[in-house]
file structure16.csv (CSV, C-alpha atoms)
chain,number,residue,atom,x,y,z
O,86,MET,CA,-2.9,2.3,34.2
O,87,HIS,CA,-4.8,1.9,30.9
O,88,SER,CA,-7.9,3.7,32.0
O,89,LYS,CA,-6.9,6.9,30.3
O,90,LEU,CA,-9.7,9.4,29.7
O,91,THR,CA,-10.6,9.5,26.1
O,92,ASN,CA,-13.3,11.2,24.2
O,93,HIS,CA,-16.0,8.5,24.1
O,94,ASP,CA,-18.3,10.4,21.8
O,95,SER,CA,-15.7,10.4,19.0
O,96,ILE,CA,-15.0,6.7,19.6
O,97,LEU,CA,-18.6,5.7,19.3
O,98,THR,CA,-18.9,7.4,16.0
O,99,ILE,CA,-16.0,5.4,14.5
O,100,PRO,CA,-17.7,3.1,11.9
O,101,ILE,CA,-17.5,-0.6,12.2
O,102,LEU,CA,-15.2,-1.9,9.5
O,103,PRO,CA,-16.2,-4.9,7.5
O,104,ALA,CA,-13.9,-7.9,7.8
O,105,GLU,CA,-12.6,-7.7,4.2
O,106,LEU,CA,-11.7,-4.0,4.8
O,107,VAL,CA,-9.7,-4.8,7.9
O,108,ILE,CA,-7.7,-7.4,5.9
O,109,GLU,CA,-7.0,-4.8,3.2
O,110,ILE,CA,-5.7,-2.3,5.8
O,111,LEU,CA,-3.7,-4.8,7.8
O,112,SER,CA,-2.0,-6.2,4.7
O,113,ARG,CA,-0.5,-2.7,4.1
O,114,LEU,CA,1.2,-2.5,7.5
O,115,PRO,CA,4.9,-2.9,8.0
O,116,MET,CA,6.0,-6.2,9.7
O,117,LYS,CA,6.9,-4.5,12.9
O,118,SER,CA,3.3,-3.3,13.5
O,119,LEU,CA,1.8,-6.6,12.4
O,120,LEU,CA,3.9,-8.4,15.0
O,121,GLN,CA,2.7,-6.1,17.7
O,122,PHE,CA,-0.9,-6.3,16.5
O,123,THR,CA,-1.0,-10.1,16.9
O,124,CYS,CA,-1.7,-9.2,20.6
O,125,VAL,CA,-4.9,-7.3,19.7
O,126,SER,CA,-7.2,-10.3,19.7
O,127,LYS,CA,-7.3,-14.1,19.0
O,128,SER,CA,-8.9,-13.5,15.6
O,129,TRP,CA,-6.2,-10.9,14.6
O,130,LEU,CA,-3.5,-13.3,15.8
O,131,SER,CA,-4.9,-16.1,13.6
O,132,LEU,CA,-5.5,-13.8,10.7
O,133,ILE,CA,-2.0,-12.3,10.7
O,134,SER,CA,-0.4,-15.7,11.0
O,135,SER,CA,-2.5,-17.4,8.3
O,136,PRO,CA,-0.6,-18.5,5.1
O,137,GLU,CA,-3.1,-16.6,2.9
O,138,PHE,CA,-2.5,-13.3,4.7
O,139,ILE,CA,1.2,-13.8,4.7
O,140,LYS,CA,1.2,-14.3,0.9
O,141,THR,CA,-1.0,-11.2,0.3
O,142,HIS,CA,1.2,-9.2,2.6
O,143,LEU,CA,4.4,-10.4,0.9
O,144,SER,CA,3.0,-9.7,-2.6
O,145,LEU,CA,1.8,-6.2,-1.7
O,146,SER,CA,5.2,-5.3,-0.1
O,147,ALA,CA,7.1,-6.8,-3.0
O,148,ASN,CA,5.0,-4.9,-5.6
O,149,ASN,CA,5.1,-1.6,-3.7
O,150,LYS,CA,6.1,0.9,-6.4
O,151,GLY,CA,7.8,3.2,-3.9
O,152,TYR,CA,10.2,0.3,-2.8
O,153,THR,CA,9.2,1.3,0.8
O,154,HIS,CA,9.8,-2.2,2.2
O,155,HIS,CA,12.7,-3.3,-0.1
O,156,LYS,CA,16.1,-3.8,1.5
O,157,VAL,CA,19.5,-4.3,0.1
O,158,MET,CA,21.7,-6.7,2.0
O,159,MET,CA,25.5,-6.7,1.8
O,160,SER,CA,28.3,-8.5,3.5
O,161,SER,CA,30.8,-6.2,5.0
O,162,TYR,CA,34.3,-7.6,5.8
O,163,SER,CA,36.9,-5.6,7.7
O,164,ARG,CA,39.8,-6.6,9.9
O,165,LEU,CA,37.9,-6.0,13.1
O,166,THR,CA,34.3,-6.9,12.4
O,167,SER,CA,32.6,-8.7,9.6
O,168,ASN,CA,28.8,-8.8,9.4
O,169,VAL,CA,25.8,-8.2,7.3
O,170,LYS,CA,24.5,-4.8,6.6
O,171,VAL,CA,21.2,-3.7,5.2
O,172,CYS,CA,19.9,-0.4,3.8
O,173,SER,CA,16.7,0.7,2.3
O,174,LEU,CA,16.3,0.4,-1.5
O,175,ARG,CA,14.1,3.5,-1.5
O,176,SER,CA,16.8,5.5,0.2
O,177,LEU,CA,19.4,4.4,-2.4
O,178,PHE,CA,17.1,5.7,-5.2
O,179,TYR,CA,16.0,8.9,-3.7
O,180,ASP,CA,18.3,10.1,-0.9
O,181,SER,CA,21.8,11.6,-1.4
O,182,ILE,CA,23.1,9.6,1.5
O,183,THR,CA,22.0,6.2,2.5
O,184,GLU,CA,22.6,4.8,5.9
O,185,ALA,CA,23.4,1.1,6.3
O,186,PHE,CA,22.6,-0.8,9.5
O,187,ASP,CA,24.1,-3.9,11.0
O,188,LEU,CA,21.9,-6.9,10.8
O,189,ASP,CA,22.7,-9.2,13.7
O,190,CYS,CA,22.7,-12.8,12.7
O,191,PRO,CA,21.2,-14.6,15.7
O,192,MET,CA,22.6,-18.0,14.7
O,193,LEU,CA,26.2,-16.7,14.8
O,194,SER,CA,26.0,-15.9,18.5
O,195,TYR,CA,23.8,-18.7,19.5
O,196,GLU,CA,25.6,-21.4,17.6
O,197,ARG,CA,29.1,-19.8,18.0
O,198,TYR,CA,30.1,-19.2,14.5
O,199,ARG,CA,32.2,-16.4,13.2
O,200,TYR,CA,30.9,-14.3,10.3
O,201,ASP,CA,34.0,-15.1,8.2
O,202,GLU,CA,32.8,-18.8,8.3
O,203,VAL,CA,29.8,-17.8,6.3
O,204,SER,CA,30.4,-19.0,2.8
O,205,PHE,CA,27.0,-18.4,1.2
O,206,ILE,CA,24.3,-15.8,2.0
O,207,VAL,CA,21.4,-14.9,-0.2
O,208,SER,CA,17.9,-13.6,0.3
O,209,VAL,CA,14.6,-14.5,-1.3
O,210,ASN,CA,11.2,-13.0,-0.4
O,211,GLY,CA,12.7,-11.5,2.8
O,212,LEU,CA,14.1,-14.9,3.9
O,213,ILE,CA,17.9,-15.3,4.2
O,214,CYS,CA,19.7,-18.5,3.6
O,215,LEU,CA,23.2,-19.0,4.9
O,216,LEU,CA,25.8,-21.7,4.6
O,217,ILE,CA,28.3,-21.7,7.5
O,218,ARG,CA,31.4,-23.9,7.4
O,219,ASP,CA,31.0,-27.0,5.2
O,220,ASN,CA,27.4,-28.0,5.5
O,221,ASP,CA,25.5,-26.0,8.2
O,222,TYR,CA,22.6,-24.4,6.4
O,223,PHE,CA,20.2,-21.9,8.0
O,224,ILE,CA,17.0,-20.3,6.8
O,225,TRP,CA,16.4,-17.1,8.7
O,226,ASN,CA,13.5,-14.6,8.8
O,227,PRO,CA,15.0,-11.4,10.2
O,228,SER,CA,11.6,-9.7,10.5
O,229,ILE,CA,10.3,-12.2,13.0
O,230,ARG,CA,13.9,-12.9,14.4
O,231,LYS,CA,13.5,-16.6,13.9
O,232,TYR,CA,15.8,-19.0,12.2
O,233,LYS,CA,15.9,-22.7,11.4
O,234,LYS,CA,19.0,-24.9,11.2
O,235,LEU,CA,18.6,-27.3,8.4
O,236,PRO,CA,19.3,-31.0,8.9
O,237,LYS,CA,22.8,-31.9,7.7
O,238,PRO,CA,22.9,-33.1,4.1
O,239,ARG,CA,24.5,-36.5,3.6
O,240,THR,CA,27.5,-36.1,1.4
O,241,THR,CA,29.2,-39.1,-0.2
O,242,LYS,CA,32.6,-38.1,1.0
O,243,LEU,CA,33.7,-36.3,4.1
O,244,VAL,CA,36.2,-33.9,2.4
O,245,ILE,CA,34.6,-31.6,0.0
O,246,TYR,CA,36.7,-29.7,-2.5
O,247,ARG,CA,34.2,-27.1,-3.3
O,248,THR,CA,30.5,-26.4,-2.7
O,249,VAL,CA,28.2,-24.1,-4.6
O,250,SER,CA,24.7,-23.3,-3.3
O,251,GLY,CA,21.4,-21.8,-4.4
O,252,PHE,CA,18.2,-20.8,-2.6
O,253,GLY,CA,14.9,-20.1,-4.1
O,254,TYR,CA,11.1,-20.3,-3.9
O,255,ASP,CA,9.2,-22.9,-5.8
O,256,GLU,CA,5.9,-21.2,-6.5
O,257,PHE,CA,4.3,-24.3,-8.0
O,258,HIS,CA,4.7,-26.3,-4.7
O,259,ASP,CA,4.8,-23.2,-2.5
O,260,ASP,CA,8.0,-24.4,-1.0
O,261,TYR,CA,11.5,-22.9,-0.4
O,262,LYS,CA,14.4,-25.0,-1.6
O,263,VAL,CA,18.1,-25.1,-1.1
O,264,VAL,CA,20.3,-26.5,-3.8
O,265,MET,CA,23.8,-27.8,-2.8
O,266,VAL,CA,26.3,-28.9,-5.5
O,267,ASN,CA,29.4,-30.6,-4.0
O,268,PHE,CA,32.6,-31.2,-5.9
O,269,TYR,CA,34.9,-33.8,-4.4
O,270,ASP,CA,37.9,-33.0,-6.6
O,271,CYS,CA,38.7,-30.4,-9.2
O,272,ALA,CA,37.5,-32.5,-12.1
O,273,ASP,CA,34.3,-34.1,-10.8
O,274,ASP,CA,30.8,-33.7,-12.1
O,275,GLY,CA,29.3,-32.4,-8.9
O,276,GLU,CA,26.8,-34.1,-6.6
O,277,VAL,CA,23.5,-32.3,-6.3
O,278,LYS,CA,21.4,-32.3,-3.1
O,279,ILE,CA,18.1,-30.5,-2.8
O,280,TYR,CA,16.5,-29.5,0.5
O,281,SER,CA,12.8,-28.8,0.7
O,282,LEU,CA,11.5,-26.7,3.6
O,283,LYS,CA,8.1,-28.3,3.4
O,284,SER,CA,9.4,-31.8,3.9
O,285,ASP,CA,12.4,-30.6,5.9
O,286,SER,CA,14.7,-33.1,4.3
O,287,TRP,CA,17.4,-33.5,1.6
O,288,ARG,CA,17.4,-35.7,-1.4
O,289,SER,CA,19.9,-36.4,-4.1
O,290,VAL,CA,19.2,-35.3,-7.7
O,291,ASP,CA,21.0,-36.4,-10.9
O,292,ASN,CA,23.2,-33.6,-12.2
O,293,GLY,CA,22.4,-34.8,-15.8
O,294,GLY,CA,24.0,-32.1,-17.8
O,295,ARG,CA,27.6,-32.3,-16.4
O,296,VAL,CA,27.5,-28.6,-16.1
O,297,LEU,CA,30.0,-27.1,-13.8
O,298,ALA,CA,28.6,-24.2,-11.8
O,299,ASN,CA,31.3,-21.7,-10.9
O,300,GLY,CA,29.5,-19.4,-8.6
O,301,GLN,CA,26.5,-19.3,-6.3
O,302,GLY,CA,23.0,-19.7,-7.7
O,303,MET,CA,21.1,-16.5,-8.1
O,304,PHE,CA,17.3,-16.6,-7.8
O,305,VAL,CA,15.8,-14.3,-10.5
O,306,ASN,CA,12.3,-14.4,-12.1
O,307,GLY,CA,11.4,-17.6,-10.3
O,308,LYS,CA,14.4,-19.6,-11.4
O,309,LEU,CA,17.9,-20.2,-10.2
O,310,HIS,CA,20.7,-19.0,-12.4
O,311,TRP,CA,24.2,-20.3,-12.3
O,312,ALA,CA,27.4,-19.0,-14.0
O,313,ALA,CA,28.8,-22.2,-15.5
O,314,SER,CA,31.4,-23.7,-17.8
O,315,ASP,CA,31.3,-26.8,-19.9
O,316,GLY,CA,34.7,-28.1,-19.1
O,317,TYR,CA,38.1,-27.5,-17.5
O,318,CYS,CA,40.1,-26.8,-20.7
O,319,PHE,CA,41.4,-23.3,-21.4
O,320,ASN,CA,39.0,-22.9,-24.3
O,321,HIS,CA,35.8,-23.9,-22.4
O,322,LYS,CA,32.7,-21.9,-23.0
O,323,SER,CA,31.1,-19.9,-20.3
O,324,LYS,CA,27.4,-19.8,-20.0
O,325,ILE,CA,24.6,-19.1,-17.6
O,326,ILE,CA,22.3,-22.0,-16.9
O,327,MET,CA,18.9,-21.8,-15.4
O,328,THR,CA,17.2,-24.3,-13.1
O,329,SER,CA,13.5,-24.4,-12.4
O,330,LEU,CA,12.9,-25.5,-8.8
O,331,LYS,CA,9.5,-27.0,-9.7
O,332,ASN,CA,11.0,-30.2,-11.0
O,333,LEU,CA,13.8,-30.5,-8.4
O,334,GLY,CA,13.1,-32.4,-5.2
J,1365,MET,CA,-37.0,15.5,-9.7
J,1366,ALA,CA,-33.5,15.5,-11.0
J,1367,SER,CA,-34.0,12.9,-13.6
J,1368,SER,CA,-33.7,15.3,-16.5
J,1369,THR,CA,-31.2,15.1,-19.3
J,1370,THR,CA,-29.3,18.1,-20.4
J,1371,GLY,CA,-28.0,17.6,-23.9
J,1372,GLU,CA,-25.9,14.4,-24.0
J,1373,LYS,CA,-25.0,14.5,-20.3
J,1374,LYS,CA,-27.2,12.4,-18.0
J,1375,ILE,CA,-27.8,13.7,-14.5
J,1376,LEU,CA,-28.0,11.6,-11.4
J,1377,THR,CA,-29.0,12.3,-7.8
J,1378,LEU,CA,-27.2,10.8,-4.9
J,1379,LYS,CA,-29.0,11.0,-1.5
J,1380,GLY,CA,-26.8,11.0,1.5
J,1381,GLY,CA,-27.6,9.5,4.9
J,1382,ASP,CA,-29.2,12.8,6.2
J,1383,ASN,CA,-31.4,13.1,3.0
J,1384,GLU,CA,-29.2,15.8,1.5
J,1385,GLU,CA,-29.2,15.5,-2.3
J,1386,PHE,CA,-26.2,15.7,-4.6
J,1387,ILE,CA,-26.9,16.2,-8.3
J,1388,LEU,CA,-24.1,15.3,-10.6
J,1389,GLU,CA,-23.2,14.0,-14.0
J,1390,GLU,CA,-23.8,10.3,-14.4
J,1391,SER,CA,-20.4,9.8,-16.0
J,1392,LEU,CA,-18.7,10.8,-12.7
J,1393,VAL,CA,-20.3,8.0,-10.6
J,1394,LEU,CA,-19.3,5.3,-13.1
J,1395,GLN,CA,-16.0,5.3,-11.3
J,1396,SER,CA,-17.9,3.4,-8.6
J,1397,GLU,CA,-18.5,-0.2,-9.5
J,1398,LEU,CA,-21.5,-0.4,-7.3
J,1399,LEU,CA,-23.2,2.7,-8.8
J,1400,LYS,CA,-22.2,1.8,-12.3
J,1401,ASN,CA,-24.1,-1.5,-12.0
J,1402,MET,CA,-27.1,0.2,-10.5
J,1403,VAL,CA,-27.2,2.8,-13.3
J,1404,LYS,CA,-26.7,0.2,-16.0
J,1405,GLU,CA,-29.1,-2.4,-14.8
J,1406,GLU,CA,-31.9,-0.4,-13.4
J,1407,ARG,CA,-31.6,3.0,-15.2
J,1408,VAL,CA,-32.2,4.8,-12.0
J,1409,SER,CA,-31.9,8.5,-11.7
J,1410,SER,CA,-31.8,8.8,-7.9
J,1411,ILE,CA,-29.8,6.6,-5.6
J,1412,PRO,CA,-30.3,6.6,-1.9
J,1413,LEU,CA,-27.1,5.9,0.1
J,1414,PRO,CA,-28.5,6.0,3.7
J,1415,SER,CA,-25.3,4.5,5.2
J,1416,ILE,CA,-23.1,7.3,3.9
J,1417,LYS,CA,-23.0,10.7,5.8
J,1418,SER,CA,-23.4,13.7,3.6
J,1419,LYS,CA,-20.1,15.1,4.8
J,1420,THR,CA,-18.4,11.9,3.5
J,1421,LEU,CA,-20.3,12.0,0.3
J,1422,VAL,CA,-19.1,15.6,-0.4
J,1423,LYS,CA,-15.5,14.4,0.0
J,1424,ILE,CA,-16.0,11.4,-2.3
J,1425,ILE,CA,-17.7,13.5,-5.0
J,1426,GLU,CA,-14.8,16.0,-4.8
J,1427,TYR,CA,-12.4,13.1,-5.5
J,1428,LEU,CA,-14.5,11.7,-8.4
J,1429,LYS,CA,-14.4,15.2,-10.0
J,1430,LYS,CA,-10.6,15.6,-9.5
J,1431,HIS,CA,-10.0,12.0,-10.7
J,1432,ALA,CA,-12.1,12.6,-13.9
J,1433,GLU,CA,-10.0,15.6,-14.7
J,1434,LEU,CA,-6.7,13.7,-14.3
J,1435,THR,CA,-4.4,14.0,-17.3
J,1436,PRO,CA,-0.7,13.3,-17.7
J,1437,SER,CA,0.1,17.0,-17.3
J,1438,ASN,CA,-1.6,17.5,-13.9
J,1439,LYS,CA,-0.4,14.3,-12.3
J,1440,GLU,CA,1.6,16.2,-9.7
J,1441,GLU,CA,-1.3,18.4,-8.8
J,1442,PHE,CA,-3.5,15.3,-8.4
J,1443,LYS,CA,-0.9,13.6,-6.1
J,1444,ASN,CA,-1.0,16.7,-3.9
J,1445,PHE,CA,-4.8,16.6,-3.9
J,1446,GLU,CA,-4.7,12.9,-2.9
J,1447,LYS,CA,-2.4,13.7,0.0
J,1448,GLU,CA,-4.7,16.5,1.2
J,1449,PHE,CA,-7.7,14.3,0.7
J,1450,VAL,CA,-6.7,11.8,3.4
J,1451,ASN,CA,-5.3,14.6,5.7
J,1452,VAL,CA,-8.4,14.5,7.9
J,1453,VAL,CA,-9.0,13.1,11.4
J,1454,LEU,CA,-8.9,9.4,11.7
J,1455,GLU,CA,-12.6,9.0,12.3
J,1456,GLU,CA,-13.4,10.9,9.1
J,1457,LEU,CA,-10.8,8.9,7.2
J,1458,LEU,CA,-12.4,5.6,8.3
J,1459,ASP,CA,-15.8,6.9,7.3
J,1460,ILE,CA,-14.5,7.7,3.9
J,1461,THR,CA,-12.7,4.3,3.6
J,1462,VAL,CA,-15.8,2.4,4.6
J,1463,ALA,CA,-17.9,4.3,2.1
J,1464,VAL,CA,-15.4,3.9,-0.7
J,1465,ASN,CA,-15.3,0.2,0.1
J,1466,TYR,CA,-19.1,0.0,-0.2
J,1467,LEU,CA,-19.2,2.0,-3.4
J,1468,LYS,CA,-16.3,0.0,-4.8
J,1469,ILE,CA,-14.1,2.8,-6.1
J,1470,ASN,CA,-11.0,0.7,-6.6
J,1471,GLY,CA,-8.0,3.0,-7.0
J,1472,LEU,CA,-9.2,5.2,-4.2
J,1473,LEU,CA,-9.9,2.2,-1.9
J,1474,GLU,CA,-6.3,1.1,-2.1
J,1475,PHE,CA,-5.1,4.6,-1.4
J,1476,CYS,CA,-7.4,5.0,1.6
J,1477,CYS,CA,-6.4,1.6,3.0
J,1478,GLN,CA,-2.7,2.6,2.8
J,1479,ALA,CA,-3.5,5.9,4.4
J,1480,VAL,CA,-5.3,4.2,7.3
J,1481,ALA,CA,-2.4,1.7,7.6
J,1482,ASP,CA,0.1,4.6,7.8
J,1483,ARG,CA,-2.0,6.2,10.5
J,1484,ILE,CA,-2.3,3.2,12.8
J,1485,LYS,CA,1.2,1.6,12.2
J,1486,ASP,CA,2.7,3.2,15.3
J,1487,LYS,CA,-0.3,3.0,17.6
J,1488,SER,CA,-0.4,0.9,20.7
J,1489,VAL,CA,-2.4,-2.3,20.9
J,1490,GLU,CA,-4.9,-0.5,23.2
J,1491,ALA,CA,-5.5,2.2,20.6
J,1492,VAL,CA,-5.9,-0.2,17.8
J,1493,ARG,CA,-8.5,-2.1,19.9
J,1494,LYS,CA,-10.5,1.1,20.3
J,1495,ILE,CA,-10.3,2.0,16.7
J,1496,PHE,CA,-11.4,-1.4,15.5
J,1497,ARG,CA,-13.8,-1.8,18.4
J,1498,ILE,CA,-12.2,-5.0,19.5
J,1499,GLU,CA,-12.4,-6.4,23.0
J,1500,SER,CA,-9.4,-8.5,23.9
J,1501,ASP,CA,-10.3,-12.2,24.2
J,1502,PHE,CA,-7.0,-13.3,25.6
J,1503,THR,CA,-6.9,-14.5,29.2
J,1504,PRO,CA,-5.3,-12.1,31.7
J,1505,GLU,CA,-2.3,-14.4,31.8
J,1506,GLU,CA,-1.8,-14.3,28.1
J,1507,GLU,CA,-2.3,-10.5,28.1
J,1508,SER,CA,0.3,-10.0,30.8
J,1509,GLU,CA,2.7,-12.3,28.9
J,1510,PHE,CA,2.3,-10.0,25.8
J,1511,ARG,CA,3.0,-7.0,27.9
J,1512,LYS,CA,6.2,-8.6,29.3
J,1513,GLU,CA,7.3,-9.8,25.8
J,1514,THR,CA,6.6,-6.6,23.9
J,1515,PRO,CA,6.2,-3.8,26.3
J,1516,GLU,CA,6.7,-1.2,23.5
J,1517,ALA,CA,3.4,-2.4,21.9
J,1518,PHE,CA,1.5,-1.3,25.0
J,1519,GLU,CA,3.5,1.7,26.0
J,1520,GLY,CA,3.3,5.5,25.5
J,1521,ASP,CA,0.6,7.9,24.8
J,1522,LEU,CA,-0.2,6.2,21.6
J,1523,ASP,CA,-3.8,5.4,22.3
J,1524,ASP,CA,-5.1,8.5,20.7
J,1525,THR,CA,-7.8,7.4,18.3
J,1526,THR,CA,-8.4,10.8,16.7
J,1527,ASN,CA,-5.2,11.2,14.7
call {"tool": "encode", "arguments": {"input": "structure16.csv", "output": "structure tokens"}}
result
Amino acid sequence: MHSKLTNHDSILTIPILPAELVIEILSRLPMKSLLQFTCVSKSWLSLISSPEFIKTHLSLSANNKGYTHHKVMMSSYSRLTSNVKVCSLRSLFYDSITEAFDLDCPMLSYERYRYDEVSFIVSVNGLICLLIRDNDYFIWNPSIRKYKKLPKPRTTKLVIYRTVSGFGYDEFHDDYKVVMVNFYDCADDGEVKIYSLKSDSWRSVDNGGRVLANGQGMFVNGKLHWAASDGYCFNHKSKIIMTSLKNLG
Amino acid sequence: MASSTTGEKKILTLKGGDNEEFILEESLVLQSELLKNMVKEERVSSIPLPSIKSKTLVKIIEYLKKHAELTPSNKEEFKNFEKEFVNVVLEELLDITVAVNYLKINGLLEFCCQAVADRIKDKSVEAVRKIFRIESDFTPEEESEFRKETPEAFEGDLDDTTN
């Protein structure tokens, strides 16, 4: 089946590529090809799955000036179906029409959730973090179609009035972290829990500043940003506060 | 020998693998980190490059000339030249890439690596093995497991190594 006749002369003249050159070439391939090429040999498998290679590949894709690998993710809600859609950032910039595709969330079907139960969904470095219902967090890598359900955070009370979340990458510790702020009534200070992917566990953190985050945390320039207010009165001041993940958790 | 100096311009000879000689201005080869160091440290006037085919060397010199003429006004023209530059059969593109890697011409190296990646991204696992001269070291069981899991990686007439 695989003994196709090929021009052996031309194959023999293909030069042998030095190892560092092979890495340079492979780190410029799209994820789909890399996944397939893990079957080429054991050394390619271990190269492609090594943390150093993954980091190089991520940084090359993220800094690609043509935005070839960048995607925009959006939640789409309608009466019949609600789901996540993605489209190419490059296409948004350069094409007159951009097509958006459905992104199937595997945890929704496997774990029997509905998309309208998703209360938080953000993406950092191609990883997607979701909060479904009150405290079921997931970290999902759509490129390799794998997800991880996080252990349940221990909250002090069962009934939560409101939760705000954030997800980001802690470059200093090379770790992904989820921040959960729980409010048990409308005037409480908020209880802060941090999840670290490396230790796969939650811990509590003091919410020192009594700052009330109103919306979800947005991860920009290596820090989480929250829209916040300093009180419940009508004349409270709105502000944006920044959290560095390095010192959390 | 070609070690003469015409005015301010220094002249250098590059010798390709088949002993063909290429005489060019020294300023051009300074784009190569390897040759730059050789010229600076040893003040040589002739550099043998036995591992690089003359055909490949012709292409690279053509690039060095175009790149030296690059100005903000002919940027588009240069982009088109770059596109045409890598529009060769895969074997030739790999020859060029290996030579550029050896000569350490940085901008061109990145461009060539991306061009190779674009050429191989849709190829089958078999074709990639041939191109990179890799023998599978997986057991037949593992191999058939892969074929079951990702049949598309092994399918199709994608094991053409020339394009």
call {"tool": "interface_residues", "arguments": {"input": "structure16.csv", "of": "chain J", "to": "chain O", "cutoff": "9 Å", "atoms": "all atoms listed in the file", "output": "MDAnalysis selection string"}}
result
chainID J and resid 1454:1456 1458:1459 1461:1462 1465 1474 1476:1482 1484:1490 1492:1502 1507 1510:1511 1514 1516:1518 1523:1526
call {"tool": "closest_residue", "arguments": {"input": "structure16.csv", "among": "O:Met192, O:Cys271, O:Val249, O:Ile206", "to": "O:Gly300", "atoms": "only C-alpha atoms"}}
result
O:Val249
call {"tool": "atom_distance", "arguments": {"input": "structure16.csv", "atom1": "atom CA of O:His258", "atom2": "atom CA of O:Lys283"}}
result
9.0 Å
call {"tool": "atom_distance", "arguments": {"input": "structure16.csv", "atom1": "atom CA of J:Asn1451", "atom2": "atom CA of J:Thr1420"}}
result
13.6 Å
call {"tool": "residues_near_point", "arguments": {"input": "structure16.csv", "point": "(-15.7, 1.4, -14.3)", "cutoff": "12 Å", "atoms": "all atoms listed in the file", "output": "PyMOL selection string"}}
result
chain J and resi 1391-1401+1403-1404+1428+1432+1467-1471
call {"tool": "atom_distance", "arguments": {"input": "structure16.csv", "atom1": "atom CA of O:Leu282", "atom2": "atom CA of O:Lys262"}}
result
6.2 Å
call {"tool": "residues_around", "arguments": {"input": "structure16.csv", "residues": "stretch 142-149 of chain O", "least_positions_apart": "4", "cutoff": "8 Å", "atoms": "only C-alpha atoms", "output": "PyMOL selection string"}}
result
chain O and resi 112-113+138+153-155+210
call {"tool": "write_last_selection", "arguments": {"input": "structure16.csv", "atoms": "C-alpha atoms", "output": "PDB file, in the coordinates of the input"}}
result
ATOM      1  CA  SER O 112      -2.000  -6.200   4.700  1.00  0.00           C
ATOM      2  CA  ARG O 113      -0.500  -2.700   4.100  1.00  0.00           C
ATOM      3  CA  PHE O 138      -2.500 -13.300   4.700  1.00  0.00           C
ATOM      4  CA  THR O 153       9.200   1.300   0.800  1.00  0.00           C
ATOM      5  CA  HIS O 154       9.800  -2.200   2.200  1.00  0.00           C
ATOM      6  CA  HIS O 155      12.700  -3.300  -0.100  1.00  0.00           C
ATOM      7  CA  ASN O 210      11.200 -13.000  -0.400  1.00  0.00           C
TER       8      ASN O 210
END
call {"tool": "residues_around", "arguments": {"input": "structure16.csv", "residues": "O:Ser329", "least_positions_apart": "2", "cutoff": "7 Å", "atoms": "only C-alpha atoms", "output": "list in words"}}
result
Lys308, Leu309, Met327, Lys331 and Asn332 of chain O
call {"tool": "closest_residue", "arguments": {"input": "structure16.csv", "among": "O:Gly251, O:Met158, O:Asn299, O:Ser284", "to": "O:Phe268", "atoms": "all atoms listed in the file"}}
result
O:Asn299
call {"tool": "closest_residue", "arguments": {"input": "structure16.csv", "among": "J:Lys1429, J:Glu1389, J:Glu1446, J:Ile1375", "to": "J:Ser1409", "atoms": "all atoms listed in the file"}}
result
J:Ile1375
call {"tool": "residues_near_point", "arguments": {"input": "structure16.csv", "point": "(23.3, -1.1, 7.8)", "cutoff": "6 Å", "atoms": "all atoms listed in the file", "output": "list in words"}}
result
Lys170, Val171, Cys172, Ala185, Phe186 and Asp187 of chain O
call {"tool": "closest_residue", "arguments": {"input": "structure16.csv", "among": "J:Met1402, J:Ala1463, J:Leu1457, J:Ile1425", "to": "J:Gly1381", "atoms": "only C-alpha atoms"}}
result
J:Ala1463
call {"tool": "residues_around", "arguments": {"input": "structure16.csv", "residues": "J:Phe1445", "least_positions_apart": "5", "cutoff": "10 Å", "atoms": "all atoms listed in the file", "output": "list of chain:residue names"}}
result
J:Tyr1427, J:Lys1430, J:His1431, J:Lys1439, J:Glu1440, J:Val1450, J:Asn1451
call {"tool": "decode", "arguments": {"input": "structure16.csv", "residues": "stretch 237-244 of chain O", "atoms": "N, CA and C atoms", "output": "PDB file, in the first residue's frame"}}
result
ATOM      1  N   LYS O 237     -12.991  21.179  42.475  1.00  0.00           N
ATOM      2  CA  LYS O 237     -13.938  22.210  42.904  1.00  0.00           C
ATOM      3  C   LYS O 237     -13.297  23.093  43.978  1.00  0.00           C
ATOM      4  N   PRO O 238     -13.423  24.408  43.827  1.00  0.00           N
ATOM      5  CA  PRO O 238     -12.902  25.290  44.874  1.00  0.00           C
ATOM      6  C   PRO O 238     -13.782  25.178  46.119  1.00  0.00           C
ATOM      7  N   ARG O 239     -13.164  25.273  47.281  1.00  0.00           N
ATOM      8  CA  ARG O 239     -13.968  25.205  48.508  1.00  0.00           C
ATOM      9  C   ARG O 239     -14.431  26.608  48.872  1.00  0.00           C
ATOM     10  N   THR O 240     -15.697  26.827  48.785  1.00  0.00           N
ATOM     11  CA  THR O 240     -16.220  28.144  49.120  1.00  0.00           C
ATOM     12  C   THR O 240     -16.756  28.097  50.544  1.00  0.00           C
ATOM     13  N   THR O 241     -16.734  29.244  51.256  1.00  0.00           N
ATOM     14  CA  THR O 241     -17.141  29.226  52.664  1.00  0.00           C
ATOM     15  C   THR O 241     -18.637  29.004  52.827  1.00  0.00           C
ATOM     16  N   LYS O 242     -19.408  29.484  51.854  1.00  0.00           N
ATOM     17  CA  LYS O 242     -20.856  29.240  51.948  1.00  0.00           C
ATOM     18  C   LYS O 242     -21.317  28.553  50.680  1.00  0.00           C
ATOM     19  N   LEU O 243     -22.430  27.873  50.810  1.00  0.00           N
ATOM     20  CA  LEU O 243     -22.925  27.129  49.661  1.00  0.00           C
ATOM     21  C   LEU O 243     -23.560  28.042  48.615  1.00  0.00           C
ATOM     22  N   VAL O 244     -24.285  29.025  49.119  1.00  0.00           N
ATOM     23  CA  VAL O 244     -25.001  29.886  48.171  1.00  0.00           C
ATOM     24  C   VAL O 244     -24.163  31.119  47.865  1.00  0.00           C
TER      25      VAL O 244
END
